[in-house]
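These notes concern the structure reproduced below.
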Amino acid sequence: FVLQLPTRHAAELRGVAAAVSDPASPSYRHFVTPGRYRARYAPSHDAVARVRSVLGTAGIDVLDVSADRTFLTVEGPAGAVGDLFSTTFGLFDVAGSALPLRSPLSAPVLPAALRGLVANVAGLAQAAPLTPASVVDTPDAAPGPAFQNARPCSSYDGQRTASDQPTYEGRHVAYAICGYTPQQLRSAYGVGATGLTGKGASVGIVDAFASPTVLHDANTYATRHGDKPFAAGQFVDNSPPLLSSTPEDPTGLLFDPQGWAGEETLDVEAVHAMAPQAKVVYQGAASPFGPFLYVALAQLVEGGQVQVVTNSYGTGDDSPLPTDKLLFDQVTTEAAARGVTITFSSGDDGDESDPSAAGARTADFPATSPGVVAVGGTSLHLDAAGHRTLETYWGTRKNVLTSDGSGWDLKNSTFSGAGGGGVSTSYAEPDWQKGVVPDSLATFGGVAAGRVEPDVSMDADSTTGMLIGQTQTFAGGKVAYGEYRIGGTSLSSPLFAGLLALAVQKHGGGLGLVTPTLYGASGTAAGRSKLFVDPAKARTDAAAGGQSVIGEVRPDYTDPTDATSEVTFSLRTLGNLATLHALPGYDDSTGLGAPRAAAVVALLGAS
C-alpha cells in the first residue's frame with residue numbers, strides 16, 4: 001500500500017499550480033524548480049525517517065520513497081498492517097472481478113505515532129486493478145498470444161473495395177485499414193509542417209510491469225517503416241521488480257503482464273512515431289492497482305527527467321476511492337507547478353452505457369481530472385497521399401452476415417469500442433472550460449456543472465488504428481516478432497503526447513498544464529478551427545455525400561494466432577454516439593477536435 005505524506009504550504013502550492021497554468025497570469029510558465037520544490041513544499045527527511053521507524057517497529061517494510069519524499073510504497077503481512085491501523089481485513093466478491101478484493105472490515109485508524117506525519121493511506125481497500133483490454137497470463141509466461149490482421153485489408157481509405165461482400169446502404173464499402181504507419185500518422189496530423197522531431201524533449205510512459213522485448217520490437221518496427229531506431233540513451237527503461245512476495249494474485253487472473261506488455265509496446269511506438277528524436281522514459285509500476293500506477297506517475301514527475309507523461313489506463317466510471325483520488329490530485333498539482341504535462345486516455349467504452357461496459361452513463365477517471373489532458377478517440381481515413389479524407393468520433397458497432405450470407409444483419413449489432421466522454425461527477429467544471437463547453441454538456445442529467453471530457457481527440461478506432469510490431473506467441477508455440485493493427489484511446493494518448501514533445505522542443509522546456517491555453521485560444525470559432533479539425537463537420541460532410549453512417553468491412557481470423565485459420569467478415573459502422581453529442585465546436589465526444597499539429601505546436605511552443 002502507499003503512504004502519502006502531507007505537502008508543506010499546500011494551499012500556496014495549489015495557487016502556484018493555477019497561476020503558472022494561466023496564460024493571463026504574470027506567473028504563466030514560471031514553473032517551480034526541483035530544488036525550490038523540495039525546499040519549500042516536499043516533506044522533510046526527518047518526517048520520512050520518523051515514518052520509517054514506526055513502520056519498522058510494526059514489521060512493515062518501506063519498498064520505495066518517491067523523489068520528493070511525498071509517497072512511500074510499503075508492504076507487510078495483513079496481520080501486521082491490521083494491527084497498525086486497528087482493523088482486520090476481509091475478501092469480498094465483487095461483480096466484474098476475477099478474484100475477491102481486499103477491504104478493511106472496520107474503518108482504519110491512523111495510530112498516534114503517525115498523526116501529523118501521514119496525510120493519506122491508499123491501497124488498504126482494493127478497487128479493481130486497472131488493465132488494458134488484452135489476454136490474461138502470468139508474469140513469467142511466454143509472450144502473449146499473437147494477433148494477426150486477416151486479409152484483404154486496405155493500406156489507405158478505399159484502396160480495396162469489398163465487392164465480394166454484401167452492400168451497405170446500396171453500395172460496396174471498403175475493406176478496413178491494415179494499420180497506419182508512422183509516416184501516415186505524421187502526414188495525417190501535419191507533423192511535417194512543424195519541421196520538428198522532438199529532439200531535446202522527453203516523454204514519460206506509465207504502465208504496469210515491463211516488456212522484455214520492447215526496445216527490440218520498437219527498433220525493428222521503426223527500421224521496417226523507414227524511421228530511425230532509438231539511439232543510444234534515447235530510451236530509458238525503469239522496469240520495476242515485482243513486489244518482494246507473490247503479489248496478492250497467486251493465480252495470475254487479476255494481473256496481466258502480457259497485456260501490459262502490448263500496452264507498453266503501443267505507447268512506445270506511438271510516441272516514437274510522432275516524435276522520432278524525443279527521449280522516451282518508461283516507468284513501470286510493480287502492480288496494476290491504482291495507487292501503484294499513480295506513484296509510478298509521481299516518480300516521473302518528481303524525477304525531473306520528462307516534460308510530458310502519457311497514461312493509457314483508467315477506471316470504467318468516475319467514482320475513484322477517496323484515498324486514490326487524494327493521492328492522484330497531489331500528483332497532478334505537483335506536475336502543473338513543475339511544468340510537466342500529463343495526458344490520459346479517455347477510455348474505450350464511450351459513454352459506458354452499453355451493457356457490455358458499465359451499463360450506465362459515466363465518464364472515466366482519471367481522465368476526468370482537470371489536472372490532465374483527456375485524449376479521446378476518432379476514426380481516421382486517409383487517402384493514398386496521407387491526407388485526411390475523414391476523421392469522425394470513434395464509436396464502432398459490429399454487424400455479422402445473415403444466416404444465408406446474403407446481407408448484413410442490421411437488426412442486431414454489438415458494441416465494438418468507442419472513445420470515452422461525458423461529464424465528471426467527481427470534479428467541478430474548471431474555469432478554463434466555461435464559455436467554451438456548452439452548459440448543457442457540463443450539467444447533463446441535472447447534476448452540478450462538472451469537468452467535461454475529452455479535451456482533444458486523435459485516431460483510436462481499432463478498425464482504423466496504427467500498425468505496431470511486437471514479439472508474440474503464434475500458433476504451435478512459435479515466439480516471433482509480428483505486426484498488427486491496434487487502436488483504443490491507448491493509441492490517441494501517446495500520439496498526442498508525441499505531438500506535445502514537438503511543442504516542448506520549440507518552447508525549449510516544459511509546458512505544464514496546457515488545457516487552459518488550448519481552451520483560451522479556442523474561445524472563438526476562428527481560433528478553434530485554426531487549431532483543430534472538427535469531427536462533427538466531418539460527420540455532416542459524410543452524410544451530405546450519401547452516408548448516414550460510415551461503414552467498412554473487416555476480415556478476422558477465427559484464430560488470430562494462425563494465419564491459415566478461417567476468415568470471417570463483419571460490417572463495422574463508425575461514428576455511433578450513444579448519448580454523447582456531435583456539435584459544432586466543443587462536444588463531449590471529441591472535445592475541441594483533432595489537432596492541426598503546426599498550429600497547436602506554434603501556440604504551445606511560443607515563448
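Labeling convention for the C-alpha cells: chains A, B, ... as they appear, residues from 1 per chain, ligands from 1 in order of appearance.
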
Original post:
Please, which residues of range 519-582 of chain A, numbered as in this document, come out alpha helix (DSSP H) from DSSP, as a ChimeraX atom specification?
Top reply: /A:519-520,525-531,535-544

Selected residues written out with C-alpha atoms, as a PDB file, in the first residue's frame:
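Below you can see out35.pdb, which holds the result:
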ATOM      1  CA  TYR A 519      -9.331  26.359 -24.403  1.00  0.00           C
ATOM      2  CA  GLY A 520      -8.366  30.022 -24.160  1.00  0.00           C
ATOM      3  CA  ALA A 525     -14.886  29.589 -33.925  1.00  0.00           C
ATOM      4  CA  ALA A 526     -11.998  31.036 -35.921  1.00  0.00           C
ATOM      5  CA  GLY A 527      -9.491  30.312 -33.165  1.00  0.00           C
ATOM      6  CA  ARG A 528     -10.749  26.773 -32.725  1.00  0.00           C
ATOM      7  CA  SER A 529     -10.776  25.944 -36.458  1.00  0.00           C
ATOM      8  CA  LYS A 530      -7.197  27.176 -36.740  1.00  0.00           C
ATOM      9  CA  LEU A 531      -6.096  24.675 -34.099  1.00  0.00           C
ATOM     10  CA  PRO A 535     -15.156  15.821 -36.375  1.00  0.00           C
ATOM     11  CA  ALA A 536     -18.791  16.956 -36.164  1.00  0.00           C
ATOM     12  CA  LYS A 537     -18.328  18.735 -39.516  1.00  0.00           C
ATOM     13  CA  ALA A 538     -16.791  15.545 -40.927  1.00  0.00           C
ATOM     14  CA  ARG A 539     -19.959  13.660 -39.981  1.00  0.00           C
ATOM     15  CA  THR A 540     -22.073  16.324 -41.702  1.00  0.00           C
ATOM     16  CA  ASP A 541     -19.935  16.180 -44.831  1.00  0.00           C
ATOM     17  CA  ALA A 542     -20.137  12.387 -44.910  1.00  0.00           C
ATOM     18  CA  ALA A 543     -23.925  12.483 -44.616  1.00  0.00           C
ATOM     19  CA  ALA A 544     -24.068  15.010 -47.449  1.00  0.00           C
TER      20      ALA A 544
END

**OP:** Would you list the contacts of Met458 in chain A as a PyMOL selection string, taking every protein, DNA or RNA residue within 8 Å and counting only C-alpha atoms, but skipping same-chain residues closer than 3 positions in sequence?
**Re:** chain A and resi 375-378+492-493+495-496+594-595

Original post:
Which neighbours of range 34-43 of chain A fall inside 8 Å, counting only C-alpha atoms, when residues of the same chain fewer than 3 positions from it are skipped, and could you give them as a list in words?
Top reply: Leu5, Pro6, Thr7, Arg8, His9, Ala10, Leu13, Ala47, Val48, Asp68, Arg69, Thr70, Glu302, Gly304 and Arg338 of chain A

Go ahead and dump the residues you just picked, all heavy atoms, as a compact mmCIF listing (two decimals), in the first residue's frame.
# COMPACT_ATOMS: atom_id res chain seq x y z
N LEU A 5 2.60 11.49 2.47
CA LEU A 5 2.96 12.46 3.50
C LEU A 5 2.43 13.84 3.12
O LEU A 5 2.32 14.16 1.93
CB LEU A 5 4.48 12.51 3.69
CG LEU A 5 5.08 11.43 4.62
CD1 LEU A 5 4.74 10.02 4.16
CD2 LEU A 5 6.59 11.61 4.74
N PRO A 6 2.08 14.66 4.10
CA PRO A 6 1.48 15.96 3.77
C PRO A 6 2.47 16.91 3.12
O PRO A 6 3.64 16.99 3.51
CB PRO A 6 1.02 16.49 5.14
CG PRO A 6 1.84 15.76 6.14
CD PRO A 6 2.13 14.41 5.55
N THR A 7 2.00 17.61 2.11
CA THR A 7 2.79 18.65 1.46
C THR A 7 2.85 19.88 2.35
O THR A 7 1.83 20.29 2.91
CB THR A 7 2.15 19.02 0.11
OG1 THR A 7 2.06 17.84 -0.69
CG2 THR A 7 2.96 20.07 -0.62
N ARG A 8 4.01 20.46 2.48
CA ARG A 8 4.11 21.72 3.22
C ARG A 8 3.60 22.87 2.36
O ARG A 8 3.76 22.87 1.15
CB ARG A 8 5.56 21.97 3.63
CG ARG A 8 6.09 20.96 4.67
CD ARG A 8 7.52 21.25 5.04
NE ARG A 8 8.44 20.99 3.93
CZ ARG A 8 9.68 21.48 3.86
NH1 ARG A 8 10.13 22.28 4.82
NH2 ARG A 8 10.45 21.19 2.83
N HIS A 9 2.95 23.83 2.98
CA HIS A 9 2.42 25.01 2.28
C HIS A 9 1.52 24.57 1.12
O HIS A 9 1.63 25.06 -0.01
CB HIS A 9 3.55 25.90 1.77
CG HIS A 9 4.60 26.20 2.80
ND1 HIS A 9 4.34 27.01 3.88
CD2 HIS A 9 5.89 25.80 2.90
CE1 HIS A 9 5.45 27.10 4.63
NE2 HIS A 9 6.39 26.36 4.06
N ALA A 10 0.61 23.63 1.40
CA ALA A 10 -0.18 23.01 0.34
C ALA A 10 -1.08 24.01 -0.37
O ALA A 10 -1.22 23.97 -1.60
CB ALA A 10 -1.03 21.88 0.94
N LEU A 13 0.91 25.99 -2.77
CA LEU A 13 1.28 25.21 -3.94
C LEU A 13 0.13 25.12 -4.93
O LEU A 13 0.34 25.23 -6.15
CB LEU A 13 1.71 23.80 -3.52
CG LEU A 13 2.10 22.86 -4.66
CD1 LEU A 13 3.33 23.39 -5.39
CD2 LEU A 13 2.35 21.45 -4.14
N ALA A 47 10.73 13.74 8.58
CA ALA A 47 9.39 13.14 8.58
C ALA A 47 9.43 11.73 8.00
O ALA A 47 8.80 10.80 8.54
CB ALA A 47 8.43 14.01 7.78
N VAL A 48 10.19 11.55 6.92
CA VAL A 48 10.30 10.22 6.32
C VAL A 48 10.96 9.25 7.29
O VAL A 48 10.52 8.10 7.45
CB VAL A 48 11.10 10.30 5.00
CG1 VAL A 48 11.35 8.89 4.45
CG2 VAL A 48 10.35 11.13 3.97
N ASP A 68 10.52 13.25 -4.26
CA ASP A 68 10.18 14.40 -3.42
C ASP A 68 9.65 14.01 -2.06
O ASP A 68 9.06 14.83 -1.36
CB ASP A 68 9.16 15.29 -4.14
CG ASP A 68 9.80 16.05 -5.28
OD1 ASP A 68 11.03 16.11 -5.35
OD2 ASP A 68 9.05 16.59 -6.12
N ARG A 69 9.83 12.75 -1.71
CA ARG A 69 9.54 12.23 -0.36
C ARG A 69 8.05 12.30 -0.01
O ARG A 69 7.68 12.20 1.16
CB ARG A 69 10.36 13.00 0.69
CG ARG A 69 11.85 13.00 0.44
CD ARG A 69 12.62 13.72 1.54
NE ARG A 69 12.38 15.15 1.58
CZ ARG A 69 13.04 16.05 0.86
NH1 ARG A 69 13.98 15.66 0.02
NH2 ARG A 69 12.77 17.33 0.95
N THR A 70 7.19 12.40 -1.02
CA THR A 70 5.75 12.52 -0.76
C THR A 70 5.08 11.17 -0.61
O THR A 70 4.12 11.03 0.16
CB THR A 70 5.07 13.32 -1.89
OG1 THR A 70 5.71 14.60 -2.01
CG2 THR A 70 3.60 13.53 -1.61
N GLU A 302 8.37 13.75 -10.30
CA GLU A 302 9.33 14.21 -9.29
C GLU A 302 10.77 14.00 -9.72
O GLU A 302 11.67 14.69 -9.24
CB GLU A 302 9.06 13.50 -7.97
CG GLU A 302 7.69 13.82 -7.38
CD GLU A 302 7.41 13.09 -6.08
OE1 GLU A 302 8.29 12.33 -5.63
OE2 GLU A 302 6.33 13.28 -5.50
N GLY A 304 12.16 14.66 -12.52
CA GLY A 304 12.68 15.73 -13.35
C GLY A 304 13.25 15.29 -14.68
O GLY A 304 13.97 16.05 -15.33
N ARG A 338 5.36 22.18 -11.55
CA ARG A 338 6.72 21.93 -12.02
C ARG A 338 6.84 21.89 -13.54
O ARG A 338 7.93 21.66 -14.08
CB ARG A 338 7.24 20.64 -11.41
CG ARG A 338 7.42 20.77 -9.89
CD ARG A 338 7.99 19.55 -9.25
NE ARG A 338 9.22 19.09 -9.86
CZ ARG A 338 10.05 18.22 -9.28
NH1 ARG A 338 9.77 17.76 -8.06
NH2 ARG A 338 11.14 17.82 -9.88

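Rounded to one decimal, CA of Ala460 in chain A and CA of Lys411 in chain A lie 25.9 Å from each other.
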
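Ranking A:Val436, A:Val504, A:Ala360, A:Val281 by their shortest atom-to-atom distance to Val301 in chain A, with only C-alpha atoms included, puts A:Val281 first.
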
Find the spatial neighbours of Ala480 in chain A, counting only C-alpha atoms, within a cut-off of 10 Å - ignore same-chain residues fewer than 5 positions away - and output them as a PDB file with N, CA and C atoms, in the first residue's frame.
ATOM      1  N   PRO A 143       5.544 -14.672 -24.268  1.00  0.00           N
ATOM      2  CA  PRO A 143       4.773 -13.532 -24.778  1.00  0.00           C
ATOM      3  C   PRO A 143       3.339 -13.928 -25.096  1.00  0.00           C
ATOM      4  N   ALA A 146      -0.511 -14.179 -30.246  1.00  0.00           N
ATOM      5  CA  ALA A 146      -0.389 -13.230 -31.348  1.00  0.00           C
ATOM      6  C   ALA A 146      -1.759 -12.793 -31.843  1.00  0.00           C
ATOM      7  N   GLN A 470       5.445  -6.305 -32.388  1.00  0.00           N
ATOM      8  CA  GLN A 470       5.653  -6.849 -31.048  1.00  0.00           C
ATOM      9  C   GLN A 470       6.025  -8.324 -31.133  1.00  0.00           C
ATOM     10  N   THR A 471       6.877  -8.775 -30.241  1.00  0.00           N
ATOM     11  CA  THR A 471       7.175 -10.194 -30.109  1.00  0.00           C
ATOM     12  C   THR A 471       5.982 -10.886 -29.462  1.00  0.00           C
ATOM     13  N   GLN A 472       5.454 -11.931 -30.113  1.00  0.00           N
ATOM     14  CA  GLN A 472       4.235 -12.596 -29.674  1.00  0.00           C
ATOM     15  C   GLN A 472       4.388 -14.111 -29.822  1.00  0.00           C
ATOM     16  N   THR A 473       3.410 -14.847 -29.322  1.00  0.00           N
ATOM     17  CA  THR A 473       3.389 -16.305 -29.464  1.00  0.00           C
ATOM     18  C   THR A 473       2.358 -16.689 -30.512  1.00  0.00           C
ATOM     19  N   PHE A 474       2.838 -17.300 -31.589  1.00  0.00           N
ATOM     20  CA  PHE A 474       1.977 -17.688 -32.704  1.00  0.00           C
ATOM     21  C   PHE A 474       1.551 -19.152 -32.557  1.00  0.00           C
TER      22      PHE A 474
END

Original post:
What is the distance, in Å and to one decimal place, between CA of Val553 in chain A and CA of Val173 in chain A?
Top reply: 6.8 Å

Original post:
Could you name the residues that touch Thr310 in chain A at 7 Å or less, counting only C-alpha atoms, but leaving out those on the same chain fewer than 2 positions away, as a ChimeraX atom specification?
Top reply: /A:204-206,308,312,342-344,493-494,497

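Restricting the calculation to only C-alpha atoms, the smallest distance between Ser570 in chain A and any of A:Ser21, A:Thr402, A:Thr265, A:Thr57 is found for A:Thr402.
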
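Omitting range 177-184 of chain A and its sequence neighbours fewer than 5 positions away, and counting only C-alpha atoms, the residues within 6 Å are Cys153, Ser154, Ser155, Ala273, Gly386, Thr464, Gly465, Met466, Leu467 and Arg485 of chain A.
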
So which residues touch Ala232 in chain A within 12 Å, counting only C-alpha atoms, skipping near sequence neighbours fewer than 5 positions away, as a JSON list (two decimals) with N, CA, C and O atoms, in the first residue's frame?
[["chain", "number", "residue", "atom", "x", "y", "z"],
["A", 215, "LEU", "N", 12.32, -2.70, -26.49],
["A", 215, "LEU", "CA", 13.28, -1.92, -27.28],
["A", 215, "LEU", "C", 13.59, -2.61, -28.60],
["A", 215, "LEU", "O", 13.64, -1.96, -29.65],
["A", 219, "ASN", "N", 12.61, -0.87, -32.18],
["A", 219, "ASN", "CA", 13.66, -0.62, -33.17],
["A", 219, "ASN", "C", 13.41, -1.38, -34.47],
["A", 219, "ASN", "O", 13.62, -0.86, -35.57],
["A", 277, "GLN", "N", 12.77, 11.80, -32.53],
["A", 277, "GLN", "CA", 14.00, 12.11, -31.82],
["A", 277, "GLN", "C", 13.79, 12.44, -30.35],
["A", 277, "GLN", "O", 14.74, 12.80, -29.65],
["A", 279, "LYS", "N", 13.32, 11.70, -26.44],
["A", 279, "LYS", "CA", 13.70, 10.67, -25.49],
["A", 279, "LYS", "C", 12.44, 10.07, -24.88],
["A", 279, "LYS", "O", 11.47, 10.79, -24.61],
["A", 280, "VAL", "N", 12.43, 8.77, -24.67],
["A", 280, "VAL", "CA", 11.29, 8.09, -24.06],
["A", 280, "VAL", "C", 11.75, 7.42, -22.77],
["A", 280, "VAL", "O", 12.75, 6.68, -22.78]]

**OP:** Give me every strand (DSSP E or B) residue in range 242-336 of chain A, going by DSSP on the backbone, as number ranges by chain.
**Re:** A: 279-285, 308-311

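Shortest atom-to-atom contact with Ala358 in chain A among A:Thr223, A:Ser345, A:Thr315, A:Ser440: A:Thr315, counting only C-alpha atoms.
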
**OP:** For each of A:Ala602, A:Leu293, A:Ala174, A:Ala449, take the minimum atom-to-atom distance to Ile550 in chain A, counting only C-alpha atoms, then give the residue where this is smallest.
**Re:** A:Ala174

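CA of Tyr484 in chain A sits 22.1 Å away from CA of Asn399 in chain A.
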
**OP:** Rank nothing, just name the residue among A:Asp351, A:Glu12, A:Asp404, A:Asp22 nearest to Leu580 in chain A, using only C-alpha atoms.
**Re:** A:Asp351

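For the choices A:Leu3, A:Ala337, A:Ala521, A:Val32, the atom-to-atom distance to Gly15 in chain A is smallest for A:Ala337 when using only C-alpha atoms.
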